[in-house]
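> Please find one structure pasted underneath; my questions will follow.
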Amino acid sequence: MSPQERKSISESKLLALGVPVNEHLPVIEAERDVEVRSHEEVLRRLVALWAVVDKAFLKAASETATYISSNGMDAWLSKVEREFLFDKTPNERDAIHFSWQLEALYFVAWCAGLLECGEVPNEESSVKPILDLFPSGAEKPARLRSALRLRSKREILDRADILYRLHWAVRNGKLTGSGAPDGINGGVVQEWHRAVNWMIQYDSEDDWDQVGTDT
């Protein structure tokens, strides 16, 4: 599929849902120009996101900081993630911010073939169906590793394209005061867009903290 064909399909789907489109937004990269993240990179990102999301929701009761440290996985997390995970008294603002990373965890899990999700997010997500894949106690993430079945580059680029255009609609609604399109959760769109841009190595960015969501 050419980038222009992918753009046209995304626009048709969004218009059918009543979501405004910006015909002047450019196409995204062609499949031949994109290298998606490796099996190992996806595994490490899933573990990192699981760790900070657990900390965000369970706070002092979370044991993921100990798990990450004792298994030498500190480098799997970004700088900002490490600061939050090892902060014994994180503030509420940071906890809320990292609770939203559940959406990134959910979307990367979709890319990893661990669950299904719709193309357009209209509600907050749940990762309960896959939590048993993550480590318990001191064990290594063997179950998670063996469960990974990365989706095709084409599938991931299809999502990258529609999320790019949908995120524009969300931001445009905020700028114009009309709000997000009906039935669309703007916060989820932002996190999915960031996650898919990480998956396709958008702008050659390897630092999770710096992954862009340009529209």
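Quick note on naming: the chains in the structure tokens go A, B, ... in the order shown, residues restart at 1 in each chain, and ligands are numbered from 1 in order of appearance.
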Give the alpha helix (DSSP H) residues of chain A, as DSSP finds them on the backbone, and put them as JSON, numbers by chain.
{"A": [3, 4, 5, 6, 7, 8, 9, 10, 11, 12, 13, 14, 15, 16, 39, 40, 41, 42, 43, 44, 45, 46, 47, 48, 49, 50, 51, 52, 53, 54, 55, 56, 57, 58, 64, 65, 66, 67, 68, 69, 70, 79, 80, 81, 82, 83, 84, 85, 92, 93, 94, 95, 96, 97, 98, 99, 101, 102, 103, 104, 105, 106, 107, 108, 109, 110, 111, 142, 143, 144, 145, 146, 147, 153, 154, 155, 156, 157, 158, 159, 160, 161, 162, 163, 164, 165, 166, 167, 168, 169, 170, 171, 172, 173, 174, 175, 176, 186, 187, 188, 189, 190, 191, 192, 193, 194, 195, 196, 197, 198, 199]}
> So that each row is one residue of stretch 74-171 of chain A with an atom at most 9 Å from stretch 18-40 of chain A, can you give its shortest atom pair and the distance in Å to one decimal, using only C-alpha atoms, rows by chain and rising number, as JSON lines?

{"residue": "A:Ala112", "atom": "CA", "partner": "A:His39", "partner_atom": "CA", "distance": 8.2}
{"residue": "A:Arg145", "atom": "CA", "partner": "A:Glu40", "partner_atom": "CA", "distance": 8.3}
{"residue": "A:Leu148", "atom": "CA", "partner": "A:His39", "partner_atom": "CA", "distance": 7.4}
{"residue": "A:Arg149", "atom": "CA", "partner": "A:His39", "partner_atom": "CA", "distance": 8.3}
{"residue": "A:Leu150", "atom": "CA", "partner": "A:His39", "partner_atom": "CA", "distance": 7.0}
{"residue": "A:Ser152", "atom": "CA", "partner": "A:Val36", "partner_atom": "CA", "distance": 8.9}
{"residue": "A:Lys153", "atom": "CA", "partner": "A:Val36", "partner_atom": "CA", "distance": 6.6}
{"residue": "A:Arg154", "atom": "CA", "partner": "A:Glu31", "partner_atom": "CA", "distance": 6.9}
{"residue": "A:Ile156", "atom": "CA", "partner": "A:Val36", "partner_atom": "CA", "distance": 8.4}
{"residue": "A:Leu157", "atom": "CA", "partner": "A:Glu31", "partner_atom": "CA", "distance": 7.5}
{"residue": "A:Ala160", "atom": "CA", "partner": "A:Ile28", "partner_atom": "CA", "distance": 8.1}
{"residue": "A:Asp161", "atom": "CA", "partner": "A:Ile28", "partner_atom": "CA", "distance": 6.5}
{"residue": "A:Tyr164", "atom": "CA", "partner": "A:Ile28", "partner_atom": "CA", "distance": 8.7}
{"residue": "A:Arg165", "atom": "CA", "partner": "A:Val21", "partner_atom": "CA", "distance": 6.7}
{"residue": "A:Leu166", "atom": "CA", "partner": "A:Val19", "partner_atom": "CA", "distance": 7.5}
{"residue": "A:Trp168", "atom": "CA", "partner": "A:Asn22", "partner_atom": "CA", "distance": 7.7}
{"residue": "A:Ala169", "atom": "CA", "partner": "A:Pro20", "partner_atom": "CA", "distance": 6.1}
> Kindly save the residues from that selection, with C-alpha atoms included, as an mmCIF file, in the first residue's frame.

data_model
loop_
_atom_site.group_PDB
_atom_site.id
_atom_site.type_symbol
_atom_site.label_atom_id
_atom_site.label_comp_id
_atom_site.auth_asym_id
_atom_site.auth_seq_id
_atom_site.Cartn_x
_atom_site.Cartn_y
_atom_site.Cartn_z
ATOM 1 C CA ALA A 112 2.959 -7.109 20.267
ATOM 2 C CA ARG A 145 8.644 -12.955 26.046
ATOM 3 C CA LEU A 148 4.989 -11.795 21.868
ATOM 4 C CA ARG A 149 3.834 -12.037 18.257
ATOM 5 C CA LEU A 150 4.657 -8.694 16.679
ATOM 6 C CA SER A 152 3.148 -6.666 10.644
ATOM 7 C CA LYS A 153 4.690 -3.379 9.649
ATOM 8 C CA ARG A 154 1.656 -2.713 7.481
ATOM 9 C CA ILE A 156 1.266 -0.827 12.610
ATOM 10 C CA LEU A 157 1.633 1.827 9.905
ATOM 11 C CA ALA A 160 0.128 5.243 12.831
ATOM 12 C CA ASP A 161 -1.585 6.986 9.959
ATOM 13 C CA TYR A 164 -1.843 10.936 13.311
ATOM 14 C CA ARG A 165 -4.932 12.312 11.571
ATOM 15 C CA LEU A 166 -7.197 11.673 14.545
ATOM 16 C CA TRP A 168 -4.936 16.491 14.578
ATOM 17 C CA ALA A 169 -8.737 16.490 14.931
#
> Could you list, with a cut-off of 9 Å and counting only C-alpha atoms, the residues of stretch 24-62 of chain A near stretch 78-91 of chain A, each shown with its nearest atom pair and the distance in Å rounded to one decimal, rows sorted by chain and ascending number, as a tab-separated table?

residue	atom	partner	partner_atom	distance
A:Ala48	CA	A:Glu81	CA	7.8
A:Leu49	CA	A:Glu81	CA	8.4
A:Ala51	CA	A:Leu85	CA	7.5
A:Val52	CA	A:Leu85	CA	5.9
A:Lys55	CA	A:Leu85	CA	6.5
A:Ala56	CA	A:Leu85	CA	8.5
A:Lys59	CA	A:Pro90	CA	8.0
A:Ala60	CA	A:Lys88	CA	7.2
> Go ahead and compute the interatomic distance for atom CA of A:Leu15 and atom CA of A:Ser178, in Å to one decimal.
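If I compute the distance from atom CA of A:Leu15 to atom CA of A:Ser178, I get 16.7 Å.
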> Just checking: using only C-alpha atoms, which residue out of A:Glu116, A:Glu103, A:Asp54, A:Glu124 ends up closest to A:Ala195?
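Counting only C-alpha atoms, the residue closest to A:Ala195 is A:Glu103.
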> Skip A:Arg6 itself and residues of its chain fewer than 2 positions away, then list as a count of residues only all residues within 9 Å of it, counting only C-alpha atoms.
14
> Give me the residues within 9 Å of A:Leu163 as a list in words, counting only C-alpha atoms and dropping any in the same chain fewer than 4 places off.
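My list of contacting residues is Ser10, Glu119, Val120, Asp158, Arg159, His167, Trp168, Val189, Gln190, Trp192, His193 and Val196 of chain A.
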